[in-house]
$ cat work-v2.cif   # mmCIF, C-alpha atoms and all ligand atoms
data_model
loop_
_atom_site.label_atom_id
_atom_site.label_comp_id
_atom_site.auth_asym_id
_atom_site.auth_seq_id
_atom_site.Cartn_x
_atom_site.Cartn_y
_atom_site.Cartn_z
CA MET T 12 0.00 0.00 0.00
CA GLU T 13 1.41 3.39 -1.02
CA PRO T 14 0.25 6.41 1.00
CA LEU T 15 -2.64 8.22 -0.69
CA ARG T 16 -1.70 11.77 -1.68
CA PHE T 17 -3.46 14.68 -3.41
CA ILE T 18 -1.01 17.54 -2.89
CA ALA T 19 2.55 17.05 -4.17
CA GLU T 20 5.51 18.46 -2.28
CA ASP T 21 5.59 21.48 -4.61
CA GLY T 22 1.88 22.14 -3.98
CA ALA T 23 0.63 20.63 -7.29
CA ARG T 24 -2.91 19.26 -6.92
CA ALA T 25 -4.05 15.88 -8.20
CA ASP T 26 -7.04 15.79 -10.51
CA PRO T 27 -9.71 15.00 -9.36
CA PHE T 28 -9.11 16.82 -6.08
CA PRO T 29 -11.27 15.97 -3.05
CA LEU T 30 -11.61 19.41 -1.40
CA SER T 31 -13.28 22.62 -2.50
CA PRO T 32 -11.18 25.84 -2.49
CA GLU T 33 -13.19 26.93 0.58
CA GLU T 34 -12.36 23.72 2.43
CA LEU T 35 -8.71 24.00 1.49
CA THR T 36 -8.64 27.59 2.76
CA ARG T 37 -10.33 26.57 6.00
CA GLY T 38 -7.82 23.75 6.38
CA TYR T 39 -4.92 26.12 5.82
CA ARG T 40 -6.20 28.54 8.47
CA GLU T 41 -6.40 25.71 11.02
CA VAL T 42 -3.00 24.32 10.07
CA VAL T 43 -1.34 27.74 10.45
CA ARG T 44 -3.20 28.30 13.72
CA ALA T 45 -1.91 24.96 14.96
CA ARG T 46 1.65 25.75 13.86
CA VAL T 47 1.63 29.14 15.57
CA PHE T 48 0.19 27.70 18.78
CA ASP T 49 2.83 24.96 18.81
CA GLU T 50 5.78 27.28 18.26
CA ARG T 51 4.61 29.77 20.86
CA ALA T 52 3.65 27.08 23.37
CA LEU T 53 7.19 25.72 23.22
CA THR T 54 8.49 29.23 23.84
CA LEU T 55 6.12 29.62 26.80
CA GLN T 56 7.44 26.34 28.19
CA ARG T 57 11.00 27.59 27.90
CA GLN T 58 9.94 30.70 29.81
CA GLY T 59 8.63 28.51 32.63
CA LYS T 60 5.01 29.34 31.81
CA LEU T 61 3.97 25.83 30.75
CA SER T 62 4.75 22.52 32.37
CA VAL T 63 5.97 19.75 30.05
CA TYR T 64 4.77 20.29 26.47
CA PRO T 65 4.64 17.77 23.59
CA PRO T 66 5.13 19.64 20.30
CA TYR T 67 3.65 18.36 17.06
CA LYS T 68 5.52 20.37 14.43
CA GLY T 69 5.22 18.65 11.06
CA GLN T 70 2.13 16.71 12.11
CA GLU T 71 -0.43 19.51 11.77
CA ALA T 72 -2.03 18.22 8.57
CA ALA T 73 -2.46 14.70 9.97
CA GLN T 74 -4.36 16.10 12.94
CA VAL T 75 -6.27 19.00 11.41
CA GLY T 76 -7.24 17.03 8.29
CA ALA T 77 -8.82 14.30 10.42
CA ALA T 78 -10.45 16.73 12.86
CA LEU T 79 -12.11 18.75 10.09
CA ALA T 80 -13.78 15.59 8.79
CA LEU T 81 -15.95 15.49 11.93
CA ASP T 82 -19.44 16.92 12.27
CA PRO T 83 -20.25 19.12 15.28
CA GLY T 84 -21.88 16.24 17.23
CA ASP T 85 -18.86 13.94 16.88
CA TRP T 86 -16.25 13.24 19.55
CA LEU T 87 -12.48 13.61 19.62
CA VAL T 88 -10.53 11.30 21.94
CA PRO T 89 -6.91 12.50 21.70
CA SER T 90 -3.52 11.49 23.07
CA TYR T 91 -1.07 14.11 24.39
CA ARG T 92 0.25 14.76 20.85
CA GLU T 93 -3.05 16.06 19.50
CA THR T 94 -3.33 19.67 20.60
CA ALA T 95 -3.70 20.62 16.92
CA ALA T 96 -6.70 18.30 16.48
CA ALA T 97 -8.27 19.58 19.70
CA LEU T 98 -7.89 23.22 18.63
CA ALA T 99 -9.48 22.39 15.28
CA CYS T 100 -12.39 20.75 17.14
CA GLY T 101 -13.04 23.86 19.22
CA LEU T 102 -10.73 23.70 22.24
CA SER T 103 -9.80 27.30 23.04
CA MET T 104 -6.15 28.30 23.05
CA SER T 105 -6.47 29.57 26.62
CA GLN T 106 -7.82 26.21 27.81
CA ALA T 107 -4.99 24.42 26.00
CA ILE T 108 -2.46 26.73 27.67
CA LEU T 109 -3.98 26.07 31.10
CA TYR T 110 -3.97 22.34 30.44
CA TRP T 111 -0.27 22.29 29.51
CA ARG T 112 0.44 24.63 32.42
CA ALA T 113 -0.84 21.77 34.61
CA ASP T 114 -3.47 24.10 36.03
CA PRO T 115 -6.52 22.03 37.07
CA ALA T 116 -8.70 24.73 35.51
CA GLY T 117 -7.36 23.49 32.19
CA TRP T 118 -8.44 19.92 32.77
CA ARG T 119 -12.16 20.56 33.03
CA TYR T 120 -13.39 21.30 29.54
CA PRO T 121 -16.69 23.06 28.83
CA ASP T 122 -19.61 20.60 28.89
CA ASP T 123 -20.61 21.33 25.30
CA LEU T 124 -17.15 20.61 23.92
CA ARG T 125 -17.00 17.12 22.43
CA VAL T 126 -13.30 16.73 23.07
CA LEU T 127 -11.89 14.58 25.87
CA PRO T 128 -8.80 15.78 27.72
CA PHE T 129 -5.39 14.69 26.42
CA TYR T 130 -4.51 11.15 27.46
CA ILE T 131 -0.97 10.64 28.71
CA PRO T 132 -1.02 6.85 29.51
CA ILE T 133 -0.32 5.41 26.08
CA ALA T 134 -3.24 3.82 24.21
CA THR T 135 -5.75 4.08 27.06
CA GLN T 136 -7.74 6.57 24.99
CA LEU T 137 -8.43 3.94 22.34
CA LEU T 138 -10.65 1.84 24.58
CA HIS T 139 -12.45 4.95 25.79
CA ALA T 140 -13.02 5.92 22.16
CA VAL T 141 -14.67 2.54 21.55
CA GLY T 142 -16.84 3.24 24.59
CA VAL T 143 -17.77 6.74 23.44
CA ALA T 144 -18.61 5.40 19.98
CA SER T 145 -20.66 2.50 21.35
CA ALA T 146 -22.49 4.75 23.82
CA GLY T 147 -23.86 6.78 20.93
CA ARG T 148 -25.19 3.65 19.28
CA TYR T 149 -26.94 2.55 22.50
CA GLN T 150 -28.46 5.98 22.97
CA GLY T 151 -29.73 6.18 19.41
CA GLU T 152 -27.33 9.03 18.58
CA ASP T 153 -25.35 9.05 15.36
CA TRP T 154 -22.07 10.48 16.58
CA VAL T 155 -18.69 9.11 15.57
CA ALA T 156 -15.61 8.96 17.80
CA LEU T 157 -12.27 9.93 16.28
CA THR T 158 -9.21 8.81 18.19
CA PHE T 159 -5.46 9.04 17.64
CA ILE T 160 -2.47 6.93 18.58
CA GLY T 161 1.24 6.93 17.73
CA ASP T 162 3.29 4.23 16.05
CA GLY T 163 4.77 3.30 19.44
CA GLY T 164 1.33 3.09 21.02
CA SER T 165 0.26 0.63 18.33
CA SER T 166 2.42 -1.96 20.13
CA GLU T 167 0.22 -1.77 23.24
CA GLY T 168 -2.35 -4.46 24.04
CA ASP T 169 -5.00 -1.73 24.27
CA PHE T 170 -4.52 -1.07 20.55
CA HIS T 171 -5.46 -4.66 19.72
CA GLU T 172 -8.32 -4.78 22.20
CA ALA T 173 -9.81 -1.53 20.98
CA LEU T 174 -9.69 -2.50 17.32
CA ASN T 175 -10.99 -6.00 17.91
CA PHE T 176 -13.86 -4.82 20.09
CA ALA T 177 -14.75 -1.97 17.74
CA ALA T 178 -14.67 -4.31 14.74
CA VAL T 179 -16.73 -7.07 16.35
CA PHE T 180 -19.38 -4.62 17.55
CA GLN T 181 -19.11 -2.33 14.51
CA ALA T 182 -18.54 0.69 16.73
CA PRO T 183 -18.64 4.00 14.86
CA MET T 184 -14.99 4.79 15.53
CA VAL T 185 -12.16 6.07 13.37
CA MET T 186 -8.62 5.46 14.58
CA VAL T 187 -5.78 7.51 13.13
CA VAL T 188 -2.26 6.24 13.78
CA GLN T 189 0.18 9.09 13.38
CA ASN T 190 3.19 7.13 12.24
CA ASN T 191 5.78 9.83 12.97
CA GLY T 192 8.80 7.53 12.88
CA TRP T 193 9.64 7.69 16.59
CA ALA T 194 8.40 6.53 19.98
CA ILE T 195 10.52 8.89 22.08
CA SER T 196 13.99 7.53 21.07
CA VAL T 197 12.87 4.26 19.45
CA PRO T 198 12.61 4.35 15.64
CA THR T 199 9.62 2.57 14.12
CA GLU T 200 11.75 -0.11 12.44
CA LYS T 201 13.05 -1.24 15.83
CA GLN T 202 9.64 -2.04 17.22
CA MET T 203 7.65 -3.66 14.43
CA ARG T 204 8.51 -6.19 11.73
CA ASN T 205 5.90 -4.92 9.30
CA PRO T 206 6.21 -1.13 9.20
CA ARG T 207 2.86 -0.74 7.40
CA ILE T 208 0.56 -0.32 10.40
CA ALA T 209 -2.56 -0.07 8.19
CA ASP T 210 -1.97 -3.70 7.13
CA ARG T 211 -3.10 -4.77 10.57
CA ALA T 212 -6.67 -3.69 9.79
CA ALA T 213 -7.14 -6.87 7.72
CA GLY T 214 -6.57 -8.91 10.86
CA TYR T 215 -9.61 -7.26 12.43
CA GLY T 216 -11.73 -7.45 9.30
CA ILE T 217 -11.97 -3.67 8.91
CA PRO T 218 -10.75 -1.24 6.24
CA GLY T 219 -7.17 0.01 6.62
CA VAL T 220 -5.94 3.05 4.71
CA VAL T 221 -2.49 4.57 4.49
CA VAL T 222 -2.27 8.23 3.73
CA ASP T 223 0.42 10.90 3.38
CA GLY T 224 0.04 12.49 6.78
CA ASN T 225 1.60 15.75 5.60
CA ASP T 226 -1.11 16.22 2.98
CA LEU T 227 -4.16 17.84 4.52
CA ALA T 228 -6.38 17.04 1.53
CA ALA T 229 -5.55 13.34 1.65
CA VAL T 230 -6.07 13.03 5.40
CA TRP T 231 -9.34 14.98 5.30
CA HIS T 232 -10.59 12.88 2.38
CA VAL T 233 -9.88 9.45 3.86
CA THR T 234 -11.17 10.47 7.29
CA ARG T 235 -14.36 11.89 5.78
CA GLU T 236 -14.98 8.59 4.03
CA ALA T 237 -14.24 6.65 7.22
CA VAL T 238 -16.56 8.89 9.27
CA ALA T 239 -19.35 8.41 6.71
CA ARG T 240 -18.91 4.61 6.86
CA ALA T 241 -18.93 4.68 10.65
CA ARG T 242 -22.08 6.81 10.75
CA ALA T 243 -23.79 4.52 8.26
CA GLY T 244 -23.28 1.57 10.64
CA GLU T 245 -20.42 0.05 8.65
CA GLY T 246 -17.98 0.02 11.55
CA PRO T 247 -14.50 1.32 12.29
CA THR T 248 -11.57 2.21 10.04
CA LEU T 249 -7.85 2.22 10.76
CA ILE T 250 -6.02 5.11 9.09
CA GLU T 251 -2.24 5.26 9.09
CA ALA T 252 -1.04 8.81 8.53
CA VAL T 253 2.63 8.70 7.56
CA THR T 254 4.37 11.76 8.94
CA TYR T 255 7.45 12.74 10.90
CA ARG T 256 8.12 14.11 14.36
CA VAL T 257 10.34 17.01 13.36
CA GLY T 258 10.87 18.25 16.91
CA PRO T 259 11.62 16.67 20.27
CA HIS T 260 9.32 14.11 21.89
CA THR T 261 8.45 16.69 24.53
CA SER T 262 9.99 19.86 25.90
CA SER T 263 11.99 17.56 28.24
CA ASP T 264 13.60 15.61 25.38
CA ASP T 265 16.89 16.12 23.51
CA PRO T 266 16.71 14.21 20.19
CA GLY T 267 20.41 14.99 19.60
CA ARG T 268 21.13 12.14 22.00
CA TYR T 269 19.61 9.47 19.75
CA ARG T 270 19.30 10.74 16.18
CA SER T 271 21.49 12.73 13.83
CA ALA T 272 20.80 16.42 13.37
CA ASP T 273 19.75 15.86 9.75
CA ALA T 274 17.49 12.87 10.51
CA GLY T 275 14.36 14.75 9.43
CA ALA T 276 15.93 16.89 6.70
CA ALA T 277 13.95 15.23 3.90
CA TRP T 278 10.76 15.85 5.84
CA LEU T 279 11.25 19.59 5.94
CA ALA T 280 10.62 19.60 2.18
CA ARG T 281 7.32 17.84 2.91
CA ASP T 282 6.26 20.44 5.43
CA PRO T 283 2.46 20.39 5.57
CA VAL T 284 2.11 24.15 6.00
CA SER T 285 4.20 25.33 3.06
CA ARG T 286 2.75 22.56 0.88
CA LEU T 287 -0.78 23.67 1.58
CA ARG T 288 0.06 27.30 1.01
CA ALA T 289 1.58 26.41 -2.37
CA ALA T 290 -1.60 24.51 -3.27
CA LEU T 291 -3.76 27.49 -2.33
CA GLU T 292 -1.57 29.84 -4.33
CA GLY T 293 -1.84 27.45 -7.26
CA LEU T 294 -5.61 27.78 -7.01
CA GLY T 295 -5.28 31.55 -7.05
CA VAL T 296 -7.07 31.98 -3.72
CA TRP T 297 -4.09 32.98 -1.54
CA ASP T 298 -1.49 35.73 -1.54
CA ASP T 299 0.90 37.61 0.75
CA ALA T 300 -1.76 40.04 1.95
CA ARG T 301 -4.07 37.21 3.04
CA GLU T 302 -1.16 35.46 4.70
CA GLU T 303 -0.21 38.59 6.62
CA ALA T 304 -3.79 39.15 7.77
CA LEU T 305 -4.14 35.54 8.90
CA ARG T 306 -0.86 35.61 10.83
CA ALA T 307 -1.84 38.87 12.55
CA GLU T 308 -5.25 37.45 13.51
CA ILE T 309 -3.72 34.30 14.98
CA ALA T 310 -0.99 36.23 16.81
CA GLU T 311 -3.74 38.29 18.46
CA GLU T 312 -5.74 35.15 19.30
CA PHE T 313 -2.69 33.64 20.99
CA ALA T 314 -1.83 36.83 22.87
CA ALA T 315 -5.42 37.08 24.13
CA ALA T 316 -5.32 33.42 25.17
CA VAL T 317 -2.16 34.01 27.21
CA ARG T 318 -3.78 37.04 28.88
CA GLU T 319 -6.84 34.96 29.71
CA ALA T 320 -4.82 32.04 31.05
CA ASP T 321 -2.65 34.37 33.13
CA ALA T 322 -5.77 35.91 34.66
CA ALA T 323 -6.97 32.52 35.96
CA PRO T 324 -6.80 32.27 39.75
CA GLU T 325 -3.75 30.59 41.24
CA PRO T 326 -4.67 26.90 41.67
CA GLU T 327 -4.81 25.33 45.13
CA PRO T 328 -2.63 22.18 45.53
CA GLN T 329 -5.57 20.01 46.60
CA GLN T 330 -7.25 20.62 43.22
CA ILE T 331 -4.93 17.95 41.81
CA VAL T 332 -7.17 15.23 43.25
CA GLU T 333 -10.51 16.99 43.11
CA GLN T 334 -11.41 16.12 39.53
CA VAL T 335 -10.29 12.52 39.48
CA PHE T 336 -13.28 10.87 41.15
CA GLU T 337 -16.86 12.06 41.38
CA THR T 338 -16.80 10.82 44.98
CA MET T 339 -13.30 10.70 46.39
CA THR T 340 -11.89 7.34 47.44
CA PRO T 341 -10.48 7.19 51.00
CA ASP T 342 -6.91 7.47 49.63
CA ALA T 343 -7.75 10.45 47.46
CA ARG T 344 -9.56 12.06 50.40
CA ALA T 345 -6.49 11.57 52.60
CA ALA T 346 -4.25 13.11 49.93
CA TRP T 347 -6.69 15.99 49.55
CA GLU T 348 -6.57 16.69 53.31
CA VAL T 349 -2.77 16.71 53.31
CA LEU T 350 -2.54 18.97 50.26
CA ARG T 351 -5.16 21.34 51.65
CA ARG T 352 -3.29 21.76 54.91
CA GLY T 353 -0.15 22.56 52.86
C1 LIG T 401 1.27 3.18 29.36
C2 LIG T 401 2.45 4.07 29.13
N1 LIG T 401 3.67 3.54 28.96
C3 LIG T 401 4.73 4.33 28.75
C4 LIG T 401 4.58 5.69 28.71
C5 LIG T 401 5.79 6.58 28.47
N2 LIG T 401 5.75 7.10 27.11
C6 LIG T 401 5.32 8.35 26.87
S1 LIG T 401 5.32 8.72 25.24
C7 LIG T 401 5.92 7.20 24.82
C8 LIG T 401 6.18 6.85 23.38
C9 LIG T 401 4.99 7.00 22.51
O1 LIG T 401 5.35 6.96 21.17
P1 LIG T 401 4.27 6.98 20.02
O2 LIG T 401 3.10 6.13 20.38
O3 LIG T 401 4.97 6.66 18.75
O4 LIG T 401 3.71 8.47 20.00
P2 LIG T 401 4.45 9.86 19.77
O5 LIG T 401 4.99 10.27 21.12
O6 LIG T 401 5.52 9.67 18.75
O7 LIG T 401 3.39 10.79 19.33
C10 LIG T 401 6.12 6.42 25.96
C11 LIG T 401 6.64 5.06 25.95
C12 LIG T 401 3.29 6.20 28.89
N3 LIG T 401 3.04 7.52 28.82
N4 LIG T 401 2.24 5.39 29.08
#
$ encode --input "work-v2.cif" --output "structure tokens"
Amino acid sequence: MEPLRFIAEDGARADPFPLSPEELTRGYREVVRARVFDERALTLQRQGKLSVYPPYKGQEAAQVGAALALDPGDWLVPSYRETAAALACGLSMSQAILYWRADPAGWRYPDDLRVLPFYIPIATQLLHAVGVASAGRYQGEDWVALTFIGDGGSSEGDFHEALNFAAVFQAPMVMVVQNNGWAISVPTEKQMRNPRIADRAAGYGIPGVVVDGNDLAAVWHVTREAVARARAGEGPTLIEAVTYRVGPHTSSDDPGRYRSADAGAAWLARDPVSRLRAALEGLGVWDDAREEALRAEIAEEFAAAVREADAAPEPEPQQIVEQVFETMTPDARAAWEVLRRG
């Protein structure tokens, strides 16, 4: 299976092309928004204003393309890498900043936002996504759950259990594996014999698709088809988005210790942002003036988000355990008492 692609590295569009100019423009706005958030969030972390932060530079199209294929009633069940997908699904920048600041105010999302908080324990989100998808079926709703996982996470037992359960019960779930080449310091070829993760779909009896994860049009297209199948009762799809983790694993990581400085050089030419811009310019719907206006708008959005996050009240230590259980367990209660006393 070769990755499906509609936008070449120089921005040339395949014919037929799956997105309208309006959709492509919307996708570009979200991709640039995601890029700006990521770059500035990393800077905030370096200034001591965020806790640990997992950047996603180079993976914006894989996330935004899939997120934009959802309808408003659908659910996003992300891992820690998917801030771009969450922003595209309506998470505010200020909430994202508070979350990555480790402020408990950032963990409790608005009730009407169909995005679950970022999952840090690898692959646990996949089973919850099957649950969210199945819950809709039981309740007579037609929502679809979109979830993400990394190449490393695809080696977890939860990955198998989630896909098998979703397939057997035809849960309306779409799983996107962002195959970004690395699981912290472990390259993909060191942890799987068959590097084509989408091949595994056949073992579950579901469709598996491999797509160029740096091509927003391709990711949006295959996810839209998968979402439509899920909503029609035809079950889950496994999408492998081939991409590359250009930056460090997190703000605590130093990739120089395990890969050469030019390891991702070829991937810079495949940058999803510049590729998309070239495609839009090819369509004649984008120019420098629009770019400048968009960048100014997003810079203001980010600045306002920082102001809003900074205005949040200083969290109390005991809040760490307050949102874990609806009714605290005795252990959590004991921890809460200790933290409250200070
Ligand atoms: C259950 C569990 N085991 C181990 C870890 C530590 N850990 C954090 S990220 C990571 C690697 C994940 O790699 P991958 O799934 O490829 O995703 P990526 O970070 O590249 O997006 C590991 C092992 C964890 N968070 N949870």
$ closest_residue --input "work-v2.cif" --among "T:Tyr67, T:Tyr269, T:Phe17, T:Phe176" --to "ligand LIG 401 (chain T)" --atoms "all atoms listed in the file"
T:Tyr67
$ closest_residue --input "work-v2.cif" --among "T:Gly38, T:Pro115, T:Pro183, T:Gly258" --to "Glu245 in chain T" --atoms "all atoms listed in the file"
T:Pro183
$ atom_distance --input "work-v2.cif" --atom1 "CA of Ala310 in chain T" --atom2 "CA of Pro266 in chain T"
28.5 Å
$ residues_near_point --input "work-v2.cif" --point "(-6.0, 28.4, 20.7)" --cutoff "7 Å" --atoms "all atoms listed in the file" --output "list in words"
Phe48, Leu98, Leu102, Ser103, Met104, Ser105, Ala107, Glu312, Phe313 and Ala316 of chain T
$ residues_near_ligand --input "work-v2.cif" --ligand "ligand LIG 401 (chain T)" --cutoff "6 Å" --atoms "all atoms listed in the file" --output "JSON, numbers by chain"
{"T": [92, 131, 132, 133, 160, 161, 162, 163, 164, 191, 193, 194, 195, 260]}
$ closest_residue --input "work-v2.cif" --among "T:Ala95, T:Val155, T:Ile250, T:Ile331" --to "Asp82 in chain T" --atoms "all atoms listed in the file"
T:Val155
$ residues_around --input "work-v2.cif" --residues "Val233 in chain T" --least-positions-apart "3" --cutoff "8 Å" --atoms "all atoms listed in the file" --output "PyMOL selection string"
chain T and resi 220+222+229-230+236-237+250
$ closest_residue --input "work-v2.cif" --among "T:Asp298, T:Glu319, T:Glu152, T:Glu311" --to "Thr36 in chain T" --atoms "only C-alpha atoms"
T:Asp298
$ closest_residue --input "work-v2.cif" --among "T:Arg344, T:Pro206, T:Leu350, T:Gly192" --to "Ala274 in chain T" --atoms "all atoms listed in the file"
T:Gly192
$ residues_around --input "work-v2.cif" --residues "Asn175 in chain T" --least-positions-apart "2" --cutoff "12 Å" --atoms "all atoms listed in the file" --output "ChimeraX atom specification"
/T:137-138,141,168-173,177-182,184,211-217,246-249
$ atom_distance --input "work-v2.cif" --atom1 "CA of Glu93 in chain T" --atom2 "CA of Pro121 in chain T"
17.9 Å
$ residues_around --input "work-v2.cif" --residues "Ala276 in chain T" --least-positions-apart "4" --cutoff "12 Å" --atoms "all atoms listed in the file" --output "MDAnalysis selection string"
chainID T and resid 69 255:258 270:272 280:282
$ residues_around --input "work-v2.cif" --residues "Glu251 in chain T" --least-positions-apart "6" --cutoff "9 Å" --atoms "only C-alpha atoms" --output "PyMOL selection string"
chain T and resi 14+162+186-190+207-209+219-224
$ closest_residue --input "work-v2.cif" --among "T:Asp321, T:Ala156, T:Gln106, T:Arg51" --to "Arg125 in chain T" --atoms "all atoms listed in the file"
T:Ala156
$ atom_distance --input "work-v2.cif" --atom1 "CA of Ala346 in chain T" --atom2 "CA of Tyr130 in chain T"
22.6 Å
$ build_atoms --input "work-v2.cif" --residues "range 338-352 of chain T" --atoms "N, CA and C atoms" --output "short mmCIF file (atom, residue, chain, number, x, y, z; two decimals), in the frame of the given file"
data_model
loop_
_atom_site.label_atom_id
_atom_site.label_comp_id
_atom_site.auth_asym_id
_atom_site.auth_seq_id
_atom_site.Cartn_x
_atom_site.Cartn_y
_atom_site.Cartn_z
N THR T 338 -16.86 10.90 43.52
CA THR T 338 -16.80 10.82 44.98
C THR T 338 -15.41 10.32 45.33
N MET T 339 -14.70 11.07 46.13
CA MET T 339 -13.30 10.70 46.39
C MET T 339 -13.18 9.36 47.11
N THR T 340 -12.20 8.57 46.72
CA THR T 340 -11.89 7.34 47.44
C THR T 340 -11.21 7.74 48.75
N PRO T 341 -11.14 6.83 49.73
CA PRO T 341 -10.48 7.19 51.00
C PRO T 341 -9.04 7.68 50.78
N ASP T 342 -8.29 7.04 49.88
CA ASP T 342 -6.91 7.47 49.63
C ASP T 342 -6.86 8.88 49.05
N ALA T 343 -7.74 9.12 48.07
CA ALA T 343 -7.75 10.45 47.46
C ALA T 343 -8.15 11.50 48.50
N ARG T 344 -9.10 11.14 49.35
CA ARG T 344 -9.56 12.06 50.40
C ARG T 344 -8.40 12.40 51.36
N ALA T 345 -7.62 11.36 51.69
CA ALA T 345 -6.49 11.57 52.60
C ALA T 345 -5.47 12.50 51.94
N ALA T 346 -5.20 12.25 50.65
CA ALA T 346 -4.25 13.11 49.93
C ALA T 346 -4.77 14.54 49.88
N TRP T 347 -6.06 14.66 49.64
CA TRP T 347 -6.69 15.99 49.55
C TRP T 347 -6.51 16.76 50.86
N GLU T 348 -6.72 16.04 51.99
CA GLU T 348 -6.57 16.69 53.31
C GLU T 348 -5.15 17.20 53.50
N VAL T 349 -4.18 16.34 53.14
CA VAL T 349 -2.77 16.71 53.31
C VAL T 349 -2.43 17.93 52.46
N LEU T 350 -2.86 17.88 51.18
CA LEU T 350 -2.54 18.97 50.26
C LEU T 350 -3.20 20.27 50.71
N ARG T 351 -4.40 20.15 51.23
CA ARG T 351 -5.16 21.34 51.65
C ARG T 351 -4.48 22.03 52.84
N ARG T 352 -3.95 21.17 53.74
CA ARG T 352 -3.29 21.76 54.91
C ARG T 352 -1.97 22.43 54.52
#
